[in-house]
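Raw contents of query.pdb, PDB, C-alpha atoms and all ligand atoms:
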ATOM      1  CA  MET K  27     154.240  80.759  51.728
ATOM      2  CA  SER K  28     153.530  77.157  52.606
ATOM      3  CA  ARG K  29     153.902  74.455  49.971
ATOM      4  CA  ASP K  30     151.695  71.419  49.741
ATOM      5  CA  LEU K  31     153.413  68.074  49.099
ATOM      6  CA  THR K  32     150.747  67.242  46.490
ATOM      7  CA  ASP K  33     152.733  69.749  44.365
ATOM      8  CA  GLY K  34     155.471  67.797  42.555
ATOM      9  CA  ARG K  35     158.050  70.570  42.850
ATOM     10  CA  ALA K  36     157.503  70.841  46.605
ATOM     11  CA  LEU K  37     157.729  67.053  46.963
ATOM     12  CA  LEU K  38     161.048  66.828  45.096
ATOM     13  CA  ASP K  39     162.510  69.837  46.949
ATOM     14  CA  ALA K  40     161.499  68.314  50.296
ATOM     15  CA  TRP K  41     162.954  64.942  49.278
ATOM     16  CA  GLU K  42     166.299  66.462  48.236
ATOM     17  CA  ALA K  43     166.582  68.507  51.427
ATOM     18  CA  GLY K  44     165.405  65.686  53.704
ATOM     19  CA  ALA K  45     167.788  63.142  52.173
ATOM     20  CA  VAL K  46     170.886  65.109  53.168
ATOM     21  CA  ALA K  47     169.582  66.291  56.565
ATOM     22  CA  PRO K  48     170.698  64.402  59.698
ATOM     23  CA  SER K  49     167.723  62.403  60.997
ATOM     24  CA  ALA K  50     167.583  64.598  64.140
ATOM     25  CA  ALA K  51     166.971  67.648  61.937
ATOM     26  CA  ARG K  52     164.793  66.047  59.253
ATOM     27  CA  GLY K  53     161.461  67.235  60.670
ATOM     28  CA  ALA K  54     162.778  70.796  61.019
ATOM     29  CA  THR K  55     164.203  70.638  57.474
ATOM     30  CA  LEU K  56     160.897  69.471  55.968
ATOM     31  CA  ALA K  57     158.898  72.102  57.885
ATOM     32  CA  HIS K  58     161.258  74.820  56.656
ATOM     33  CA  HIS K  59     161.393  73.612  53.019
ATOM     34  CA  CYS K  60     157.598  73.405  52.860
ATOM     35  CA  GLY K  61     157.345  77.014  54.033
ATOM     36  CA  LEU K  62     155.783  76.373  57.456
ATOM     37  CA  VAL K  63     158.771  77.991  59.208
ATOM     38  CA  PRO K  64     160.500  81.107  57.778
ATOM     39  CA  ASP K  65     164.108  79.924  58.140
ATOM     40  CA  ALA K  66     166.177  76.877  59.036
ATOM     41  CA  ASP K  67     167.487  78.321  62.319
ATOM     42  CA  THR K  68     163.974  79.040  63.601
ATOM     43  CA  ALA K  69     162.927  75.497  62.670
ATOM     44  CA  LEU K  70     165.846  73.970  64.609
ATOM     45  CA  ASP K  71     164.837  75.941  67.712
ATOM     46  CA  LEU K  72     161.178  74.881  67.711
ATOM     47  CA  PRO K  73     160.029  72.329  70.326
ATOM     48  CA  LEU K  74     160.002  68.768  68.942
ATOM     49  CA  GLY K  75     156.263  68.677  69.658
ATOM     50  CA  GLU K  76     155.753  71.650  67.347
ATOM     51  CA  ILE K  77     157.881  70.019  64.614
ATOM     52  CA  ALA K  78     155.755  66.857  64.950
ATOM     53  CA  ARG K  79     152.558  68.933  64.722
ATOM     54  CA  LEU K  80     153.845  70.659  61.549
ATOM     55  CA  ALA K  81     154.846  67.246  60.130
ATOM     56  CA  ALA K  82     151.295  66.010  60.823
ATOM     57  CA  ARG K  83     149.927  69.058  58.954
ATOM     58  CA  LEU K  84     152.200  68.339  55.966
ATOM     59  CA  TYR K  85     151.223  64.672  56.040
ATOM     60  CA  THR K  86     147.450  65.244  56.155
ATOM     61  CA  ALA K  87     147.577  67.941  53.434
ATOM     62  CA  GLY K  88     149.836  65.907  51.144
ATOM     63  CA  PHE K  89     148.918  62.280  51.736
ATOM     64  CA  GLY K  90     145.629  62.185  53.686
ATOM     65  CA  SER K  91     144.996  61.842  57.392
ATOM     66  CA  ALA K  92     145.413  58.055  57.719
ATOM     67  CA  ALA K  93     148.967  56.828  58.307
ATOM     68  CA  THR K  94     150.101  53.243  58.809
ATOM     69  CA  CYS K  95     152.702  52.200  61.420
ATOM     70  CA  VAL K  96     154.200  48.737  61.127
ATOM     71  CA  VAL K  97     155.138  47.182  64.491
ATOM     72  CA  SER K  98     155.949  43.744  65.869
ATOM     73  CA  CYS K  99     154.143  42.349  68.906
ATOM     74  CA  PRO K 100     156.723  42.140  71.765
ATOM     75  CA  ASP K 101     155.230  38.793  72.868
ATOM     76  CA  CYS K 102     154.366  36.761  69.763
ATOM     77  CA  ALA K 103     156.361  38.800  67.165
ATOM     78  CA  GLU K 104     153.256  39.056  64.959
ATOM     79  CA  ARG K 105     153.753  41.835  62.391
ATOM     80  CA  LEU K 106     150.978  44.376  62.829
ATOM     81  CA  GLU K 107     149.878  47.282  60.659
ATOM     82  CA  VAL K 108     148.340  49.997  62.790
ATOM     83  CA  ARG K 109     146.228  52.718  61.184
ATOM     84  CA  ILE K 110     146.693  56.111  62.803
ATOM     85  CA  ASP K 111     144.530  59.181  62.301
ATOM     86  CA  LEU K 112     146.875  62.186  62.167
ATOM     87  CA  ASP K 113     144.088  64.797  62.068
ATOM     88  CA  PRO K 114     144.010  65.364  65.852
ATOM     89  CA  LEU K 115     147.791  66.007  65.870
ATOM     90  CA  ALA K 116     147.614  68.276  62.811
ATOM     91  CA  ASP K 117     144.712  70.271  64.277
ATOM     92  CA  ALA K 118     146.283  70.691  67.732
ATOM     93  CA  GLU K 119     147.259  74.109  69.084
ATOM     94  CA  PRO K 120     150.889  75.188  68.397
ATOM     95  CA  GLU K 121     153.298  73.924  71.065
ATOM     96  CA  SER K 122     154.766  76.671  73.224
ATOM     97  CA  ALA K 123     158.536  76.899  73.744
ATOM     98  CA  ALA K 124     158.047  78.591  77.135
ATOM     99  CA  PRO K 125     159.973  77.087  80.094
ATOM    100  CA  ARG K 126     157.831  75.426  82.814
ATOM    101  CA  PRO K 127     158.696  75.013  86.513
ATOM    102  CA  VAL K 128     159.580  71.598  87.941
ATOM    103  CA  PRO K 129     159.915  71.176  91.722
ATOM    104  CA  THR K 130     163.128  69.391  92.756
ATOM    105  CA  SER K 131     164.756  68.598  96.109
ATOM    106  CA  GLY K 132     166.982  71.676  95.705
ATOM    107  CA  GLY K 133     164.130  74.022  94.741
ATOM    108  CA  GLU K 134     162.261  74.769  91.549
ATOM    109  CA  VAL K 135     164.038  74.555  88.170
ATOM    110  CA  LEU K 136     162.775  75.825  84.831
ATOM    111  CA  VAL K 137     162.619  73.337  81.990
ATOM    112  CA  ARG K 138     162.007  74.099  78.321
ATOM    113  CA  PRO K 139     160.993  71.606  75.595
ATOM    114  CA  VAL K 140     163.669  69.681  73.654
ATOM    115  CA  THR K 141     164.436  71.075  70.178
ATOM    116  CA  SER K 142     165.995  69.584  67.035
ATOM    117  CA  ARG K 143     169.130  71.633  67.765
ATOM    118  CA  ASP K 144     169.405  69.916  71.169
ATOM    119  CA  LEU K 145     169.155  66.504  69.485
ATOM    120  CA  LEU K 146     171.832  67.444  66.955
ATOM    121  CA  ALA K 147     174.207  68.580  69.714
ATOM    122  CA  ALA K 148     173.492  65.496  71.844
ATOM    123  CA  ALA K 149     174.036  63.151  68.886
ATOM    124  CA  THR K 150     177.705  64.176  68.702
ATOM    125  CA  THR K 151     178.555  63.283  72.293
ATOM    126  CA  GLU K 152     178.610  60.071  74.318
ATOM    127  CA  ALA K 153     176.967  61.672  77.359
ATOM    128  CA  ASN K 154     174.005  62.596  75.194
ATOM    129  CA  ALA K 155     171.214  62.062  77.759
ATOM    130  CA  ALA K 156     172.907  64.337  80.320
ATOM    131  CA  LEU K 157     173.653  66.957  77.656
ATOM    132  CA  LEU K 158     170.063  66.886  76.427
ATOM    133  CA  LEU K 159     168.788  67.388  79.958
ATOM    134  CA  ALA K 160     171.289  70.187  80.647
ATOM    135  CA  SER K 161     170.326  72.029  77.457
ATOM    136  CA  CYS K 162     166.685  72.142  78.572
ATOM    137  CA  LEU K 163     167.347  73.711  81.984
ATOM    138  CA  VAL K 164     166.819  77.476  81.908
ATOM    139  CA  GLY K 165     168.138  80.165  84.280
ATOM    140  CA  ASP K 166     169.728  79.308  87.647
ATOM    141  CA  HIS K 167     169.910  75.563  88.244
ATOM    142  CA  PRO K 168     172.240  73.021  89.826
ATOM    143  CA  ALA K 169     174.726  71.145  87.609
ATOM    144  CA  VAL K 170     173.088  68.085  86.053
ATOM    145  CA  ASP K 171     175.532  65.671  87.733
ATOM    146  CA  ARG K 172     174.491  67.075  91.137
ATOM    147  CA  LEU K 173     170.768  66.443  90.623
ATOM    148  CA  GLN K 174     169.208  63.599  92.647
ATOM    149  CA  PRO K 175     167.839  60.636  90.620
ATOM    150  CA  ASP K 176     164.278  61.606  91.648
ATOM    151  CA  ASP K 177     164.859  65.135  90.350
ATOM    152  CA  VAL K 178     166.202  63.820  87.041
ATOM    153  CA  ALA K 179     163.123  61.587  86.787
ATOM    154  CA  ALA K 180     160.806  64.567  87.483
ATOM    155  CA  ILE K 181     162.552  66.647  84.809
ATOM    156  CA  ASP K 182     162.389  63.738  82.342
ATOM    157  CA  THR K 183     158.659  63.396  83.014
ATOM    158  CA  LYS K 184     158.166  67.102  82.339
ATOM    159  CA  LEU K 185     160.215  66.878  79.116
ATOM    160  CA  GLU K 186     158.033  64.005  77.931
ATOM    161  CA  GLU K 187     154.926  66.030  78.744
ATOM    162  CA  LEU K 188     156.359  68.996  76.789
ATOM    163  CA  ALA K 189     157.135  66.770  73.788
ATOM    164  CA  GLY K 190     153.429  66.828  72.867
ATOM    165  CA  ALA K 191     152.869  65.405  69.376
ATOM    166  CA  ALA K 192     156.504  64.230  69.273
ATOM    167  CA  ALA K 193     155.643  61.714  72.010
ATOM    168  CA  ALA K 194     152.236  60.654  70.655
ATOM    169  CA  THR K 195     151.287  57.049  71.393
ATOM    170  CA  VAL K 196     148.509  54.646  70.463
ATOM    171  CA  GLN K 197     147.242  51.913  72.801
ATOM    172  CA  MET K 198     146.138  48.607  71.343
ATOM    173  CA  ARG K 199     145.987  44.854  71.888
ATOM    174  CA  CYS K 200     147.721  42.327  69.662
ATOM    175  CA  PRO K 201     144.887  40.608  67.736
ATOM    176  CA  GLN K 202     146.951  37.383  67.746
ATOM    177  CA  CYS K 203     147.865  36.960  71.448
ATOM    178  CA  GLY K 204     145.999  39.774  73.231
ATOM    179  CA  THR K 205     149.107  41.509  74.641
ATOM    180  CA  ALA K 206     148.457  45.174  75.460
ATOM    181  CA  MET K 207     150.851  47.522  73.657
ATOM    182  CA  ARG K 208     151.649  51.206  73.655
ATOM    183  CA  ILE K 209     152.990  52.225  70.253
ATOM    184  CA  GLY K 210     155.024  55.391  69.778
ATOM    185  CA  VAL K 211     153.937  57.427  66.741
ATOM    186  CA  ASP K 212     156.906  59.075  65.023
ATOM    187  CA  VAL K 213     155.102  61.572  62.794
ATOM    188  CA  VAL K 214     158.285  62.882  61.172
ATOM    189  CA  ALA K 215     159.332  59.323  60.228
ATOM    190  CA  LEU K 216     155.860  58.643  58.798
ATOM    191  CA  LEU K 217     156.053  61.846  56.734
ATOM    192  CA  TRP K 218     159.572  61.064  55.550
ATOM    193  CA  ASP K 219     158.500  57.539  54.495
ATOM    194  CA  GLN K 220     155.826  59.089  52.266
ATOM    195  CA  VAL K 221     158.214  61.655  50.775
ATOM    196  CA  ARG K 222     160.915  59.032  50.249
ATOM    197  CA  SER K 223     158.580  56.608  48.471
ATOM    198  CA  ASN K 224     156.618  59.148  46.401
ATOM    199  CA  ALA K 225     159.550  61.230  45.086
ATOM    200  CA  PRO K 226     161.252  58.419  43.068
ATOM    201  CA  ARG K 227     157.820  57.438  41.699
ATOM    202  CA  LEU K 228     157.361  61.007  40.462
ATOM    203  CA  LEU K 229     160.866  61.021  38.944
ATOM    204  CA  ALA K 230     159.981  57.817  37.041
ATOM    205  CA  GLU K 231     156.825  59.513  35.715
ATOM    206  CA  ILE K 232     158.895  62.505  34.576
ATOM    207  CA  VAL K 233     161.312  60.177  32.756
ATOM    208  CA  THR K 234     158.411  58.388  31.033
ATOM    209  CA  LEU K 235     156.833  61.655  29.836
ATOM    210  CA  ALA K 236     160.175  63.239  28.921
ATOM    211  CA  THR K 237     161.098  60.164  26.865
ATOM    212  CA  ALA K 238     157.709  59.951  25.167
ATOM    213  CA  TYR K 239     157.126  63.621  24.381
ATOM    214  CA  GLY K 240     160.479  65.373  24.889
ATOM    215  CA  TRP K 241     159.083  67.538  27.691
ATOM    216  CA  SER K 242     161.383  69.038  30.335
ATOM    217  CA  GLU K 243     161.238  68.181  34.037
ATOM    218  CA  GLN K 244     159.984  71.714  34.687
ATOM    219  CA  SER K 245     157.098  71.471  32.246
ATOM    220  CA  VAL K 246     156.020  68.067  33.600
ATOM    221  CA  LEU K 247     156.132  69.372  37.186
ATOM    222  CA  ALA K 248     154.140  72.458  36.211
ATOM    223  CA  MET K 249     151.174  70.202  35.311
ATOM    224  CA  SER K 250     148.518  69.172  37.791
ATOM    225  CA  ALA K 251     148.778  65.555  38.969
ATOM    226  CA  THR K 252     145.493  64.838  37.153
ATOM    227  CA  ARG K 253     146.858  66.011  33.806
ATOM    228  CA  ARG K 254     150.168  64.194  34.372
ATOM    229  CA  GLN K 255     148.330  60.927  35.088
ATOM    230  CA  ALA K 256     146.186  61.404  31.957
ATOM    231  CA  TYR K 257     149.295  61.771  29.757
ATOM    232  CA  LEU K 258     150.906  58.771  31.465
ATOM    233  CA  ALA K 259     147.823  56.696  30.687
ATOM    234  CA  LEU K 260     148.134  57.709  27.012
ATOM    235  CA  VAL K 261     151.816  56.704  26.918
ATOM    236  CA  ARG K 262     151.040  53.329  28.513
ATOM    237  CA  ARG K 263     148.067  52.566  26.285
TER     238      ARG K 263
HETATM  239 ZN    ZN G   1     151.022  39.175  69.977
END
Output the file's structure in the form of structure tokens.
Amino acid sequence: MSRDLTDGRALLDAWEAGAVAPSAARGATLAHHCGLVPDADTALDLPLGEIARLAARLYTAGFGSAATCVVSCPDCAERLEVRIDLDPLADAEPESAAPRPVPTSGGEVLVRPVTSRDLLAAATTEANAALLLASCLVGDHPAVDRLQPDDVAAIDTKLEELAGAAAATVQMRCPQCGTAMRIGVDVVALLWDQVRSNAPRLLAEIVTLATAYGWSEQSVLAMSATRRQAYLALVRR
């Protein structure tokens, strides 16, 4: 059963789980804790594009479809707030984990999308780029260190293509100096920012109501947000 982050209990559960998850596994952790994936192992083995799509679904359902990315212009260093509509990512078709063929100088190789588990494994080694590439080659293939640079580039291009929503970008011009920019949209980071800022706010509301009326955390969380806000307004009057 999927859980909406407008529900206080789901928000706090997601926050607790996300806070202790390594950043490479945070998207998978949130998708699993919100019930979009049946178990943690399955979530870790989903393509990053699918995790980003699920994160976009959680974001739009819990916080609305408009997200804000803050970036600096590479030329004039102007700080820019970019509004991003996450609906198209949330409404996209599920990303397939199926391997796809890539022609190389030594024949065709099969490449599958990168997963959170791949990122976790690569994060623990110095040769992480080579390990990441090796983990995405399926079936018979030459050793990664024997691939020609052009072949590595072709495989990298395919991996980027397979990243789907995990490699979403927005094109824009700096309103200050006119420089053209391509901004990467990290949907999982945007979702985590919302969870991380809203959970402590909710905890503060629980403390206020618990102090004023002696109610338990459970009973405050069982209320709708509308009723909780109405009681908070009475306390603050
Ligand atoms: Zn600029």
| query | Between K:Arg105, K:His59, K:Arg126, K:Arg253, which is the closest to ligand ZN 1 (chain G) once you count all atoms listed in the file? | reply | K:Arg105
Check which residues of chain K sit at most 7 Å from ligand ZN 1 (chain G) using all atoms listed in the file, and return one row each with the closest pair of atoms and their distance in Å to one decimal, ordered by chain and rising number, as CSV.
residue,atom,partner,partner_atom,distance
K:Cys99,CA,G:ZN1,ZN,4.6
K:Pro100,CA,G:ZN1,ZN,6.7
K:Asp101,CA,G:ZN1,ZN,5.1
K:Cys102,CA,G:ZN1,ZN,4.1
K:Ala103,CA,G:ZN1,ZN,6.0
K:Glu104,CA,G:ZN1,ZN,5.5
K:Cys200,CA,G:ZN1,ZN,4.6
K:Pro201,CA,G:ZN1,ZN,6.7
K:Gln202,CA,G:ZN1,ZN,5.0
K:Cys203,CA,G:ZN1,ZN,4.1
K:Gly204,CA,G:ZN1,ZN,6.0
K:Thr205,CA,G:ZN1,ZN,5.6
Keeping only C-alpha atoms, take the residues you just selected and write them out as a PDB file, keeping the file's coordinate frame.
ATOM      1  CA  CYS K  99     154.143  42.349  68.906  1.00  0.00           C
ATOM      2  CA  PRO K 100     156.723  42.140  71.765  1.00  0.00           C
ATOM      3  CA  ASP K 101     155.230  38.793  72.868  1.00  0.00           C
ATOM      4  CA  CYS K 102     154.366  36.761  69.763  1.00  0.00           C
ATOM      5  CA  ALA K 103     156.361  38.800  67.165  1.00  0.00           C
ATOM      6  CA  GLU K 104     153.256  39.056  64.959  1.00  0.00           C
ATOM      7  CA  CYS K 200     147.721  42.327  69.662  1.00  0.00           C
ATOM      8  CA  PRO K 201     144.887  40.608  67.736  1.00  0.00           C
ATOM      9  CA  GLN K 202     146.951  37.383  67.746  1.00  0.00           C
ATOM     10  CA  CYS K 203     147.865  36.960  71.448  1.00  0.00           C
ATOM     11  CA  GLY K 204     145.999  39.774  73.231  1.00  0.00           C
ATOM     12  CA  THR K 205     149.107  41.509  74.641  1.00  0.00           C
TER      13      THR K 205
END
For the contact check between range 109-167 of chain K and range 210-229 of chain K, emit one row per residue of range 109-167 of chain K within 10 Å, containing the shortest atom pair and the distance in Å rounded to one decimal, counting all atoms listed in the file, chain then rising number order, as a Markdown table.
| residue | atom | partner | partner_atom | distance |
| --- | --- | --- | --- | --- |
| K:Ile110 | CA | K:Val211 | CA | 8.3 |
| K:Leu112 | CA | K:Val213 | CA | 8.3 |
| K:Leu115 | CA | K:Val213 | CA | 9.1 |
| If you measure from CA of Ala82 in chain K to CA of Ala123 in chain K, what distance in Å do you get, rounded to one decimal? |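 These two atoms are separated by 18.4 Å.
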| said: Between CA of Ala51 in chain K and CA of Leu173 in chain K, what is the distance in Å, rounded to a tenth? | reply: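 So the two atoms, CA of Ala51 in chain K and CA of Leu173 in chain K, lie 29.0 Å apart.
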Give the padded box for range 72-85 of chain K as AutoDock Vina command-line options: axis-aligned, covering all atoms listed in the file, 6 Å on each side, centre and edge lengths in Å to one decimal.
--center_x 155.6 --center_y 69.8 --center_z 63.1 --size_x 23.3 --size_y 22.2 --size_z 26.4
| message | Could you check the closest approach to Met207 in chain K for each of K:Val46, K:Leu31, K:Val108, K:Leu247 and tell me which residue wins, using all atoms listed in the file? | response |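 Checking each candidate against Met207 in chain K, we get K:Val108 as the closest.
Among the candidate residues K:Ala156, K:Ile77, K:Cys95, K:Ala189, the one lying nearest to Arg138 in chain K is K:Ala189, with distances computed using only C-alpha atoms.
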| Evaluating the PyMOL selection byres (((chain K and resi 143) around 12) and not hetatm) on the displayed file yields which residues, as a VMD selection string? | chain K and resid 48 to 55 66 to 74 77 139 to 142 144 to 150 157 to 158 161 to 162
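Each of K:Ile232, K:Glu76, K:Glu119, K:Ala180 was checked against Arg35 in chain K using all atoms listed in the file; the smallest atom-to-atom distance is that of K:Ile232.
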| request: For CA of Ala40 in chain K and CA of Arg109 in chain K, determine how far apart the two atoms are, in Å to one decimal place. | output: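 That distance, rounded to one decimal, is 24.4 Å.
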| task | Convert the output of the PyMOL selection byres (((chain K and resi 36) around 12) and not hetatm) on the shown file into explicit residues, formatted as a ChimeraX atom specification. | result | /K:27-35,37-44,56-61,84,88,221,224-225,228,247-248
Residues of the last selection are to be written out with C-alpha atoms, as a PDB file, keeping the file's coordinate frame.
ATOM      1  CA  MET K  27     154.240  80.759  51.728  1.00  0.00           C
ATOM      2  CA  SER K  28     153.530  77.157  52.606  1.00  0.00           C
ATOM      3  CA  ARG K  29     153.902  74.455  49.971  1.00  0.00           C
ATOM      4  CA  ASP K  30     151.695  71.419  49.741  1.00  0.00           C
ATOM      5  CA  LEU K  31     153.413  68.074  49.099  1.00  0.00           C
ATOM      6  CA  THR K  32     150.747  67.242  46.490  1.00  0.00           C
ATOM      7  CA  ASP K  33     152.733  69.749  44.365  1.00  0.00           C
ATOM      8  CA  GLY K  34     155.471  67.797  42.555  1.00  0.00           C
ATOM      9  CA  ARG K  35     158.050  70.570  42.850  1.00  0.00           C
ATOM     10  CA  LEU K  37     157.729  67.053  46.963  1.00  0.00           C
ATOM     11  CA  LEU K  38     161.048  66.828  45.096  1.00  0.00           C
ATOM     12  CA  ASP K  39     162.510  69.837  46.949  1.00  0.00           C
ATOM     13  CA  ALA K  40     161.499  68.314  50.296  1.00  0.00           C
ATOM     14  CA  TRP K  41     162.954  64.942  49.278  1.00  0.00           C
ATOM     15  CA  GLU K  42     166.299  66.462  48.236  1.00  0.00           C
ATOM     16  CA  ALA K  43     166.582  68.507  51.427  1.00  0.00           C
ATOM     17  CA  GLY K  44     165.405  65.686  53.704  1.00  0.00           C
ATOM     18  CA  LEU K  56     160.897  69.471  55.968  1.00  0.00           C
ATOM     19  CA  ALA K  57     158.898  72.102  57.885  1.00  0.00           C
ATOM     20  CA  HIS K  58     161.258  74.820  56.656  1.00  0.00           C
ATOM     21  CA  HIS K  59     161.393  73.612  53.019  1.00  0.00           C
ATOM     22  CA  CYS K  60     157.598  73.405  52.860  1.00  0.00           C
ATOM     23  CA  GLY K  61     157.345  77.014  54.033  1.00  0.00           C
ATOM     24  CA  LEU K  84     152.200  68.339  55.966  1.00  0.00           C
ATOM     25  CA  GLY K  88     149.836  65.907  51.144  1.00  0.00           C
ATOM     26  CA  VAL K 221     158.214  61.655  50.775  1.00  0.00           C
ATOM     27  CA  ASN K 224     156.618  59.148  46.401  1.00  0.00           C
ATOM     28  CA  ALA K 225     159.550  61.230  45.086  1.00  0.00           C
ATOM     29  CA  LEU K 228     157.361  61.007  40.462  1.00  0.00           C
ATOM     30  CA  LEU K 247     156.132  69.372  37.186  1.00  0.00           C
ATOM     31  CA  ALA K 248     154.140  72.458  36.211  1.00  0.00           C
TER      32      ALA K 248
END
